[in-house]
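> Okay, here's the structure, questions in a sec.
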Amino acid sequence: MRLSMVNPPAAAVSIVGLLASTDHLAELVDALHARAVAACGASVSVLLELEAGSDRLRPTSATGLDDLSTDAWLAGPTDAALVAEVLAHGHVRLIAPLSVLSPELTARLRTPAAVMAPVVSSGAPIGLLVLGLPQIRPALEWSGMVTECADAFAVALTRARVRQDGALQQGLHDLVVALGRSGEPRLPADRLDGFCTDVARLFAADRVEVWSHDRKARRLDLAATSDRPRRTRAEHVSTADAAHRVALAMRHPRAGLIDTAPDGSSNGVVAVVPLRGRRRALGALMVERIRISPGDEARVLDRLDSLGYQLSNLLESAQLLDDVQRAHRELENTFDSMQDLVLVIGRDLCVTRVNDAAARRLGRPRASLESCAVSELVGEPLATWLTNRAASGQPREAHTTELDDARLGGTLRVTMTPLVTGERNLAGSVLVARDVSDERRLEADRAALREQLAQSEALSQLVAGIAHELNNPLQAVLGHVELVCRTERLSPRAVAQLRLVARESNRAARIVRNLLLLAGSGKVERRPVSVHAALRRAIALRTASCRRAGISIERHLAEELPKVSGDGLLLQQAFHNIIMNAEQAMTESGGTLEVRSAYAGPQSQVSIAIRDTGPGVAPDMLPRIFDPFFTTKDAGSGLGLALALRIVREHGGDIVAANDQGGGAVFTVHLPAPTVIK
């Protein structure tokens with residue numbers, strides 16, 4: 001919009017010559033105003049352009065006026081009807097007397113008469129040329145020239161709009177292309193800020209913002225703005241906020257204008273552009289205080305729609321690329337995190353890809369394995385199996401085998417799965433190999449253990465049967481010896497011999513009873529048991545014998561010890577056997593027997609440690625001291641510690657034997673102490 005005061009050119013120039021002489025709209029408009037003024041002797045010339053959508057007339061250029069108001073002209077009913085009639089007929093018209101036909105023009109032009117000439121482009125009116133006449137002249141003298149000036153205005157305006165529109169479209173295209181060349185999945189914030197700044201410049205706007213839609217959070221986030229330095233904090237808008245213009249903008253069907261200025265002028269409006277992808281809303285583009293010339297609304301909104309479409313495609317493409325790259329990274333991480341060996345092979349049985357586990361097993365970098373024939377990387381059995389499977393005519397079925405591969409180092413369970421394209425064409429195979437060497441060893445160990453258990457059960461039954469059979473004659477021998485000693489008068493020598501028979505028979509009976517316990521023929525009757533009580537009884541049984549051997553007993557018992565579930569007599573027997581073993585280790589030189597008890601609350605476990613100051617246990621014998629019939633003593637049966645371990649394990653516990661750092665051996669009994677004893 002401009003105001004100019006010019007005089008007619010001294011030399012007459014044709015209208016066509018004016019249009020051809022310059023591309024500058026301002027110069028051309030000035031010349032056309034001067035030509036129109038000279039044609040009819042007017043004192044004032046004003047070009048009014050039609051606003052698209054509102055059909056209001058706003059002045060954009062003039063000559064002969066001191067002040068050119070920017071508000072709408074000829075908006076009253078009388079003037080609007082006069083304008084409609086002129087535009088409908090499409091001819092130049094003389095308006096006189098002006099004060100009667102158009103009071104508004106009389107006030108604005110301050111002339112008694114006026115000329116109205118429609119400005120028409122492609123058959124549609126785009127404006128009106130108004131000339132103020134200080135005196136009336138015959139129409140034949142000026143009507144043709146005024147019509148030519150009006151047509152020239154139409155050509156000049158149309159040409160300028162086409163040129164501006166082309167420049168705007170090219171500028172927007174360049175912006176989108178530059179924005180898309182970031183080379184990153186997500187559009188960088190600084191590039192988006194620069195994009196907003198350039199859009200603000202092209203549309204002569206005060207501020208441009210890009211808001212992105214976060215579907216999960218159901219909100220719009222300010223992603224970029226043309227005045228980033230003024231932004232001090234993150235801004236968010238709920239999509240449910242129907243009153244907020246950004247939330248409204250995202251729901252607009254196309255680009256539009258909102259929040260017009262109070263005076264109704266075209267300056268200061270906000271253009272909103274919804275950003276939409278193929279199946280989801282992406283956000284909104286806000287162009288604040290955009291300046292639109294009269295008649296340019298439709299063109300500007302079309303360009304904004306085009307910009308929104310291109311920006312939406314760019315944003316959606318960036319999001320899709322980011323999603324694809326993220327999914328690719330996840331698959332890559334999953335592929336490399338697998339402990340199984342994975343090899344992707346083509347139809348020619350050459351490797352196209354391997355995971356980290358396969359590269360480590362083969363001892364080569366991943367890059368060096370690609371394009372290698374799979375037969376070069378695996379052993380002959382596996383290579384033969386793969387070749388047979390590929391040649392079997394059933395490549396579209398998964399096959400599994402288990403074989404030993406010396407090159408891969410172990411027993412492998414191999415699965416060959418077909419790899420097909422989206423068109424269901426065979427592209428190759430995926431080879432997954434799992435090392436099952438440990439599993440096979442464990443299975444072999446389990447089988448051996450099961451066999452040992454079966455033999456142990458059979459041996460236990462045999463031992464129990466033999467013990468029962470031996471127990472009856474032993475009891476008969478003991479009974480008859482006692483009867484003979486009481487009823488018969490025997491010589492001292494005979495009595496001594498009978499007592500020897502009784503003592504050895506009792507010893508044999510104890511061995512039989514221990515064999516019965518070791519064979520598991522006894523049944524543990526569980527009830528709450530005080531470990532300290534069982535321990536004290538066992539110590540009391542050995543106190544006199546220890547005193548005679550010069551062994552002192554030290555007790556370090558915990559003040560409070562929870563009860564355990566079990567059989568008190570059996571626990572006493574286990575403690576007794578361990579104490580007797582320690583006593584026998586110190587019989588020759590004496591020493592100290594130390595007994596400690598403790599309770600570990602977090603593990604709910606009672607511990608009894610029995611330590612002696614004897615010579616300790618030879619390291620090579622430690623693994624065998626709990627074996628039945630294993631003993632290092634001449635008179636030992638080798639069943640005491642084995643029986644103690646059996647009793648403790650029957651109670652859910654265990655015994656740990658070790659040599660103490662200060663000398664001697666230490667046996668630690670661990671027993672579970674449940675919170676609730678049933």
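Following the order of the structure tokens, chains are lettered A, B, ..., residues in each are numbered from 1, and ligands are numbered from 1.
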Could you give me, as a list in words, the residues within 9 Å of His556 (chain A), counting only C-alpha atoms and dropping anything in the same chain fewer than 3 positions from it?

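The residues that qualify are Glu594, Val595, Arg596 and Ser597 of chain A.
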
> Pick out the residues sitting within 10 Å of Asp627 (chain A), and hand them over as a count of residues only; count only C-alpha atoms, and ignore anything fewer than 2 positions along from it in its own chain.

13

> My list of candidates is A:Ile578, A:Pro77, A:His651, A:Asp445. Which is closest to Pro528 (chain A) when distances are computed with only C-alpha atoms?

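For Pro528 (chain A), the nearest of the candidates is A:His651.
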
> Between A:Leu671, A:Ala271, A:Val342, A:Val374, which one has atoms that come closest to Asp356 (chain A), using only C-alpha atoms?

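Nearest candidate to Asp356 (chain A) out of A:Leu671, A:Ala271, A:Val342, A:Val374: A:Val342.
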
> Could you please determine the separation between CA of Val414 (chain A) and CA of Ala433 (chain A) in Å, to one decimal place?

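These atoms are spaced 4.4 Å apart.
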
> Neighbours of region 544-546 of chain A within 10 Å (only C-alpha atoms; same-chain residues fewer than 3 positions away dropped), as a VMD selection string?

chain A and resid 539 to 541 549 to 553 579 to 580 583 to 584 586 to 587 590 to 593

> Taking 4 positions as the minimum chain separation for residues in the same chain, which residues sit within 8 Å of Thr111 (chain A) when counting only C-alpha atoms? Answer as number ranges by chain.

A: 98, 106, 132-134

> For the residues selected in the previous step, produce a file with N, CA and C atoms as a tab-separated table (two decimals), in the first residue's frame.


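This is the output file result27.tsv:
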chain	number	residue	atom	x	y	z
A	98	LEU	N	-21.81	13.92	-7.15
A	98	LEU	CA	-21.19	12.97	-6.23
A	98	LEU	C	-21.76	13.07	-4.83
A	106	THR	N	-17.48	11.91	-1.74
A	106	THR	CA	-17.43	13.38	-1.66
A	106	THR	C	-16.53	13.81	-0.53
A	132	GLY	N	-11.27	11.47	-9.07
A	132	GLY	CA	-12.06	12.62	-8.63
A	132	GLY	C	-11.95	13.76	-9.64
A	133	LEU	N	-13.12	14.25	-10.15
A	133	LEU	CA	-13.14	15.28	-11.19
A	133	LEU	C	-13.53	16.63	-10.60
A	134	PRO	N	-12.67	17.66	-10.77
A	134	PRO	CA	-13.07	19.00	-10.30
A	134	PRO	C	-14.15	19.62	-11.17
